[in-house]
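Here the structure is laid out as structure tokens; the discussion comes afterwards.
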Amino acid sequence: MTARDPGFGVYIHWPFCLAKCPYCDFNSHVREAVDEARWRGALLAELDHYAAETPGRTVTSVFFGGGTPSLMAPETAAALIERVRARWPAAPDLEVTLEANPGASEAARFAAFRAAGVNRLSIGVQALDDAALRFLGRIHGKAEAIAAVERARTAFDRYSFDLIYARPGQSVAAWRTELDAALAMSGGHLSVYQLTIEPGTAFHTAARLGKLALPDEEDAATLYETTQERLAAAGLPAYEISNHAAPGQESRHNLTYWRYGDYVGVGPGAHGRLSGHGGKAATRQIRLPEAWLKAVEERGHASEAVEPIDAERRRDELLMMGLRLSEGVTRARFAAATGATIEDALDADALGRLVEGGFLVLDDAGLRATAAGRQRLNAVLAALLA
């Protein structure tokens with residue numbers, strides 16, 4: 001897997017959680033009981049379906065996302081990993097990531113997930129402060145989070161964990177302290193996200209009612225800049241807006257997304273991007289878990305749509321993903337995706353203004369956002385793609 005070849009990934013969605021966090025707009029659901037044997041069979045069937053659609057592709061990464069995949073039995077993960085290896089050629093250094101929560105019962109199974117074939121763990125810590133964890137609706141505390149990371153360090157050579165900043169009332173000094181605590185137990189990767197209010201979440205309702213106020217734009221920018229500076233100084237520079245890694249420790253699966261590679265998406269609501277037959281197509285699975293399960297058991301898959309992606313949409317998706325990366329979008333990748341040069345595909349006036357303003361760089365290598373541009377990427381993209 002290189003910048004020229006973004007790899008081919010398999011995403012497996014496990015939609016179940018013990019509780020719905022108030023900031024979360026992912027396709028996650030709380031259920032009293034889950035018939036795991038049925039779910040395992042359905043996920044295996046959908047893998048079979050997409051393997052038949054993508055013969056000969058070499059899988060470079062598998063990602064168990066959610067929801068909370070660490071709630072599944074390690075035997076289920078093992079069966080799914082085995083099926084991926086049986087249906088596709090696998091890269092010798094296949095990356096297999098599983099998202100996990102720090103709950104004690106889940107952390108106790110980390111070694112079993114490692115034995116099942118998972119070789120990278122991503123832990124949803126979110127904060128290293130008990131009051132902040134309660135605010136975020138997490139069901140673990142700081143001590144439990146630290147213990148889970150220590151278990152991950154013992155079981156896995158590669159692990160990462162998430163933090164959320166720009167919480168109400170959060171000061172720069174407090175955030176620096178939290179970052180230092182995170183760095184003291186980090187491996188080669190950290191994901192650090194700014195809290196945003198997403199429609200349909202409990203936080204969105206609270207904000208609309210005036211019961212939740214996030215830091216203003218200036219304070220949020222200071223927290224962002226503090227994050228970039230502190231993690232870069234510790235040897236974990238940002239390779240993507242919210243993701244920091246030591247060289248060679250980047251998430252290969254997520255790089256496939258950001259480099260606009262192909263990937264299969266199985267499970268409720270999963271999305272995919274697949275090339276073939278002269279173009280690129282977007283796949284989307286039925287979102288509601290019960291409806292997804294019924295469809296797979298009836299017809300072997302729950303694909304809700306397979307939509308051809310035209311050149312303009314390919315351009316837009318490529319830039320929306322690729323400009324998140326510090327490396328940006330290479331000229332070769334842009335031409336392969338769109339059939340055009342960067343200069344021919346974009347408005348010259350808008351591109352010139354953004355370059356002159358210090359938000360984008362265009363050179364022989366390609367197009368990339370500066371640090372200032374990545375901090376304001378939504379506005380940059382809106383101007384560039386208008």
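Here, A, B, ... name the chains of the structure tokens in the order displayed, residue numbers run from 1 inside each chain, and ligands are numbered from 1 in the same displayed order.
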
At a cut-off of 8 Å, using only C-alpha atoms, what residues contact Phe156 of chain A? Leave out same-chain residues fewer than 6 positions from it and give the result as a CSV table (one decimal) with N, CA and C atoms, in the first residue's frame.
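Output file around-v6.csv follows:
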chain,number,residue,atom,x,y,z
A,114,ARG,N,-7.1,-10.6,19.8
A,114,ARG,CA,-5.8,-10.7,19.2
A,114,ARG,C,-5.6,-12.1,18.6
A,119,ASN,N,-5.2,-7.3,14.8
A,119,ASN,CA,-3.8,-6.9,15.1
A,119,ASN,C,-3.7,-5.4,15.4
A,120,ARG,N,-4.8,-4.7,15.4
A,120,ARG,CA,-4.8,-3.3,15.8
A,120,ARG,C,-6.1,-2.9,16.5
A,121,LEU,N,-6.0,-2.2,17.6
A,121,LEU,CA,-7.1,-1.9,18.4
A,121,LEU,C,-7.3,-0.4,18.4

Subject >> Residues within 6 Å of Phe16 of chain A, only C-alpha atoms, excluding chain neighbours under 4 positions, as an NGL selection string >> reply: :A and (28-30 or 67-68)

Restricting it to N, CA and C atoms, dump the selection as a compact mmCIF listing (two decimals), in the first residue's frame.
# COMPACT_ATOMS: atom_id res chain seq x y z
N SER A 28 -25.79 3.47 15.23
CA SER A 28 -25.61 2.60 16.39
C SER A 28 -26.94 2.48 17.13
N HIS A 29 -27.15 1.30 17.71
CA HIS A 29 -28.45 0.98 18.30
C HIS A 29 -28.27 0.18 19.58
N VAL A 30 -29.18 0.38 20.52
CA VAL A 30 -29.20 -0.37 21.76
C VAL A 30 -30.29 -1.43 21.66
N GLY A 67 -21.36 1.68 16.18
CA GLY A 67 -21.54 0.64 17.17
C GLY A 67 -20.30 0.33 17.99
N THR A 68 -20.34 -0.82 18.62
CA THR A 68 -19.25 -1.26 19.49
C THR A 68 -18.87 -2.69 19.12

How close does segment 49-105 of chain A get to segment 282-301 of chain A? List, as CSV, each residue of segment 49-105 of chain A within 12 Å, its nearest atom pair and the distance in Å to one decimal, counting only C-alpha atoms.
residue,atom,partner,partner_atom,distance
A:His49,CA,A:His301,CA,6.4
A:Tyr50,CA,A:His301,CA,8.6
A:Ala51,CA,A:His301,CA,11.6
A:Ala52,CA,A:Gly300,CA,11.6
A:Glu53,CA,A:Thr283,CA,11.6
A:Gly66,CA,A:Pro289,CA,11.8
A:Gly67,CA,A:Pro289,CA,11.2

Original post:
What is the distance between atom CA of Ala340 of chain A and atom CA of Pro308 of chain A, in Å to one decimal?
Top reply: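 Atom CA of Ala340 of chain A sits 18.2 Å away from atom CA of Pro308 of chain A.
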
Original post:
Which residues come within 10 Å of Pro92 of chain A, counting only C-alpha atoms, excluding same-chain residues fewer than 6 positions away, as a PyMOL selection string?
Top reply: chain A and resi 58-60

What's the 12 Å shell around segment 244-249 of chain A, counting only C-alpha atoms, without same-chain residues fewer than 5 positions away, as a compact mmCIF listing (two decimals) with C-alpha atoms, in the first residue's frame?
# COMPACT_ATOMS: atom_id res chain seq x y z
CA MET A 1 0.00 0.00 0.00
CA THR A 2 1.46 3.35 -1.10
CA GLU A 95 -4.10 -4.66 8.96
CA ARG A 120 -4.76 -3.26 15.76
CA ASP A 157 1.70 -4.15 18.93
CA ARG A 158 -0.48 -1.42 17.39
CA TYR A 159 -3.23 0.42 19.21
CA SER A 160 -4.82 3.85 19.22
CA PHE A 161 -7.40 5.68 21.26
CA ASP A 162 -9.76 8.62 20.70
CA LEU A 163 -10.14 11.87 22.59
CA LEU A 183 0.80 10.89 25.49
CA SER A 186 -0.09 6.33 23.86
CA GLY A 187 1.34 4.02 21.28
CA GLY A 188 2.11 5.30 17.82
CA HIS A 189 -1.32 6.76 17.05
CA LEU A 190 -3.90 9.12 18.57
CA SER A 191 -7.24 10.33 17.16
CA VAL A 192 -8.32 13.70 18.52
CA TYR A 193 -11.70 15.10 17.47
CA THR A 227 -3.41 19.91 19.96
CA GLN A 228 -1.39 20.15 16.75
CA GLU A 229 1.62 21.70 18.44
CA ARG A 230 1.70 19.40 21.47
CA LEU A 231 1.31 16.15 19.54
CA ALA A 232 3.78 17.15 16.82
CA ALA A 233 6.35 17.98 19.49
CA ALA A 234 5.82 14.52 20.97
CA GLY A 235 6.53 12.81 17.63
CA LEU A 236 2.89 12.32 16.59
CA PRO A 237 2.32 14.88 13.83
CA ALA A 238 -1.08 15.17 12.18
CA TYR A 239 -1.22 13.13 8.99
CA ASN A 254 -8.47 5.08 6.93
CA LEU A 255 -5.76 6.07 4.46
CA LEU A 325 -4.48 14.66 4.62
CA SER A 326 -1.28 16.62 5.17

Subject >> Which of A:Ala345, A:Leu128, A:Ala336, A:Val329 sits closest to Ala143 of chain A [using only C-alpha atoms] >> reply: A:Leu128

Mind running segment 203-248 of chain A against segment 352-375 of chain A at 10 Å and telling me each contacting residue's nearest atom pair with the distance in Å (one decimal), counting only C-alpha atoms, chain and number ascending, as a tab-separated table?
residue	atom	partner	partner_atom	distance
A:Ala221	CA	A:Gln375	CA	7.8
A:Tyr224	CA	A:Gln375	CA	8.0
A:Glu225	CA	A:Gln375	CA	8.7
A:Gln228	CA	A:Ala371	CA	9.4
A:Ala238	CA	A:Ala371	CA	9.8
A:Glu240	CA	A:Arg374	CA	8.7
A:Ile241	CA	A:Arg374	CA	6.4
A:Ser242	CA	A:Arg374	CA	9.9

For the selection you just gave me, I'd like the residues written to a file as a tab-separated table (two decimals), in the first residue's frame, keeping N, CA and C atoms.
chain	number	residue	atom	x	y	z
A	221	ALA	N	-10.42	27.24	18.08
A	221	ALA	CA	-9.22	27.30	17.24
A	221	ALA	C	-7.96	27.20	18.10
A	224	TYR	N	-7.52	23.63	19.06
A	224	TYR	CA	-7.03	22.87	17.90
A	224	TYR	C	-5.53	23.09	17.71
A	225	GLU	N	-5.11	24.35	17.74
A	225	GLU	CA	-3.69	24.65	17.54
A	225	GLU	C	-2.83	24.07	18.65
A	228	GLN	N	-2.36	20.38	17.82
A	228	GLN	CA	-1.39	20.15	16.75
A	228	GLN	C	0.04	20.33	17.25
A	238	ALA	N	0.20	15.45	12.82
A	238	ALA	CA	-1.08	15.17	12.18
A	238	ALA	C	-0.83	14.73	10.74
A	240	GLU	N	-3.59	13.62	9.20
A	240	GLU	CA	-4.95	13.96	8.79
A	240	GLU	C	-5.48	14.92	9.84
A	241	ILE	N	-6.52	15.65	9.53
A	241	ILE	CA	-6.99	16.72	10.41
A	241	ILE	C	-7.10	16.27	11.87
A	242	SER	N	-7.66	15.10	12.11
A	242	SER	CA	-7.92	14.66	13.48
A	242	SER	C	-7.09	13.45	13.90

**OP:** Mind checking which residues fall within 10 Å of Gly41 of chain A, counting only C-alpha atoms, ignoring those fewer than 4 positions away in the same chain, and posting them as a list in words?
**Re:**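 Near neighbours after the sequence-gap exclusion: Glu36, Ala37, Ala45, Glu46, Leu47, Thr76, Ala79, Leu80, Leu293, Val296 and Glu297 of chain A.
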
Original post:
Among segment 168-313 of chain A, which ones does DSSP place in alpha helix (DSSP H), written as a PyMOL selection string?
Top reply: chain A and resi 172-185+202-208+217-233+252-258+289-299+311-313

**OP:** For atom CA of Ala213 of chain A and atom CA of Ala379 of chain A, quote the distance in Å rounded to one decimal.
**Re:**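 Going from atom CA of Ala213 of chain A over to atom CA of Ala379 of chain A, I get 22.1 Å.
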
**OP:** Quick one: pick out all strand (DSSP E) residues within segment 66-110 of chain A from a backbone DSSP run and write them as an NGL selection string.
**Re:** :A and (66 or 90-100)

Original post:
Between A:Leu43, A:Asp93, A:Thr54, A:Ala112, which has the minimum distance to Gly276 of chain A (counting only C-alpha atoms)?
Top reply: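 With only C-alpha atoms as the atom set, the closest residue is A:Thr54.
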
**OP:** Between atom CA of Ile342 of chain A and atom CA of Asp316 of chain A, measure the distance and give it in Å to one decimal.
**Re:** 11.8 Å

**OP:** Go through A:Thr154, A:Ser303, A:Ser251, A:Thr341 and flag the residue nearest Pro6 of chain A, using only C-alpha atoms for the distances.
**Re:** A:Ser251

Original post:
In terms of the shortest atom-to-atom distance over only C-alpha atoms, which of A:Ala337, A:His140, A:Ala386, A:Ser61 is closest to Ala90 of chain A?
Top reply: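 Residue with the minimum atom-to-atom distance to Ala90 of chain A: A:Ser61.
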
**OP:** Would you mind telling me which residue in A:Gln170, A:Ser122, A:Gln194, A:Thr201 lies nearest to Pro22 of chain A when using only C-alpha atoms?
**Re:** A:Thr201

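Minimum atom-to-atom distance to Ala78 of chain A, evaluated using only C-alpha atoms, belongs to A:Arg40 out of A:Arg40, A:Arg176, A:Arg208, A:Arg57.
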
**OP:** List the neighbours of Ala155 of chain A out to 12 Å using only C-alpha atoms; skip same-chain residues closer than 5 positions along the sequence, and give me the result as a list in words.
**Re:** Ala107, Ala108, Arg109, Phe110, Ala111, Ala112, Phe113, Arg114, Ala115, Ala116, Gly117, Val118, Asn119, Arg120, Leu121, Ala148, Val149 and Glu150 of chain A

Store the residues of this selection in a file with N, CA and C atoms, as a PDB file, in the first residue's frame.
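So out35.pdb came out as:
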ATOM      1  N   ALA A 107     -12.576  -5.173  27.751  1.00  0.00           N
ATOM      2  CA  ALA A 107     -11.124  -5.148  27.849  1.00  0.00           C
ATOM      3  C   ALA A 107     -10.565  -6.513  28.223  1.00  0.00           C
ATOM      4  N   ALA A 108     -11.328  -7.270  29.013  1.00  0.00           N
ATOM      5  CA  ALA A 108     -10.873  -8.599  29.410  1.00  0.00           C
ATOM      6  C   ALA A 108     -10.753  -9.535  28.217  1.00  0.00           C
ATOM      7  N   ARG A 109     -11.392  -9.171  27.078  1.00  0.00           N
ATOM      8  CA  ARG A 109     -11.353 -10.038  25.905  1.00  0.00           C
ATOM      9  C   ARG A 109     -10.360  -9.574  24.846  1.00  0.00           C
ATOM     10  N   PHE A 110      -9.556  -8.565  25.155  1.00  0.00           N
ATOM     11  CA  PHE A 110      -8.619  -8.059  24.166  1.00  0.00           C
ATOM     12  C   PHE A 110      -7.687  -9.162  23.664  1.00  0.00           C
ATOM     13  N   ALA A 111      -7.163  -9.968  24.571  1.00  0.00           N
ATOM     14  CA  ALA A 111      -6.251 -11.035  24.152  1.00  0.00           C
ATOM     15  C   ALA A 111      -6.953 -12.031  23.235  1.00  0.00           C
ATOM     16  N   ALA A 112      -8.239 -12.283  23.490  1.00  0.00           N
ATOM     17  CA  ALA A 112      -8.996 -13.206  22.641  1.00  0.00           C
ATOM     18  C   ALA A 112      -9.200 -12.622  21.244  1.00  0.00           C
ATOM     19  N   PHE A 113      -9.422 -11.312  21.154  1.00  0.00           N
ATOM     20  CA  PHE A 113      -9.528 -10.685  19.842  1.00  0.00           C
ATOM     21  C   PHE A 113      -8.190 -10.756  19.110  1.00  0.00           C
ATOM     22  N   ARG A 114      -7.101 -10.607  19.840  1.00  0.00           N
ATOM     23  CA  ARG A 114      -5.785 -10.741  19.204  1.00  0.00           C
ATOM     24  C   ARG A 114      -5.609 -12.147  18.641  1.00  0.00           C
ATOM     25  N   ALA A 115      -5.998 -13.152  19.412  1.00  0.00           N
ATOM     26  CA  ALA A 115      -5.897 -14.533  18.939  1.00  0.00           C
ATOM     27  C   ALA A 115      -6.809 -14.791  17.747  1.00  0.00           C
ATOM     28  N   ALA A 116      -7.907 -14.020  17.648  1.00  0.00           N
ATOM     29  CA  ALA A 116      -8.852 -14.182  16.540  1.00  0.00           C
ATOM     30  C   ALA A 116      -8.318 -13.622  15.231  1.00  0.00           C
ATOM     31  N   GLY A 117      -7.256 -12.818  15.296  1.00  0.00           N
ATOM     32  CA  GLY A 117      -6.683 -12.259  14.085  1.00  0.00           C
ATOM     33  C   GLY A 117      -6.684 -10.748  14.020  1.00  0.00           C
ATOM     34  N   VAL A 118      -7.265 -10.077  15.022  1.00  0.00           N
ATOM     35  CA  VAL A 118      -7.190  -8.613  15.096  1.00  0.00           C
ATOM     36  C   VAL A 118      -5.756  -8.238  15.464  1.00  0.00           C
ATOM     37  N   ASN A 119      -5.174  -7.276  14.750  1.00  0.00           N
ATOM     38  CA  ASN A 119      -3.803  -6.876  15.089  1.00  0.00           C
ATOM     39  C   ASN A 119      -3.654  -5.384  15.364  1.00  0.00           C
ATOM     40  N   ARG A 120      -4.793  -4.687  15.407  1.00  0.00           N
ATOM     41  CA  ARG A 120      -4.762  -3.258  15.761  1.00  0.00           C
ATOM     42  C   ARG A 120      -6.070  -2.926  16.482  1.00  0.00           C
ATOM     43  N   LEU A 121      -5.959  -2.234  17.614  1.00  0.00           N
ATOM     44  CA  LEU A 121      -7.138  -1.887  18.404  1.00  0.00           C
ATOM     45  C   LEU A 121      -7.306  -0.376  18.425  1.00  0.00           C
ATOM     46  N   ALA A 148      -7.844  -0.077  30.387  1.00  0.00           N
ATOM     47  CA  ALA A 148      -8.092  -0.669  29.062  1.00  0.00           C
ATOM     48  C   ALA A 148      -6.928  -0.405  28.119  1.00  0.00           C
ATOM     49  N   VAL A 149      -6.372   0.803  28.160  1.00  0.00           N
ATOM     50  CA  VAL A 149      -5.236   1.098  27.299  1.00  0.00           C
ATOM     51  C   VAL A 149      -4.040   0.238  27.688  1.00  0.00           C
ATOM     52  N   GLU A 150      -3.856   0.027  28.982  1.00  0.00           N
ATOM     53  CA  GLU A 150      -2.758  -0.830  29.416  1.00  0.00           C
ATOM     54  C   GLU A 150      -2.954  -2.268  28.929  1.00  0.00           C
TER      55      GLU A 150
END
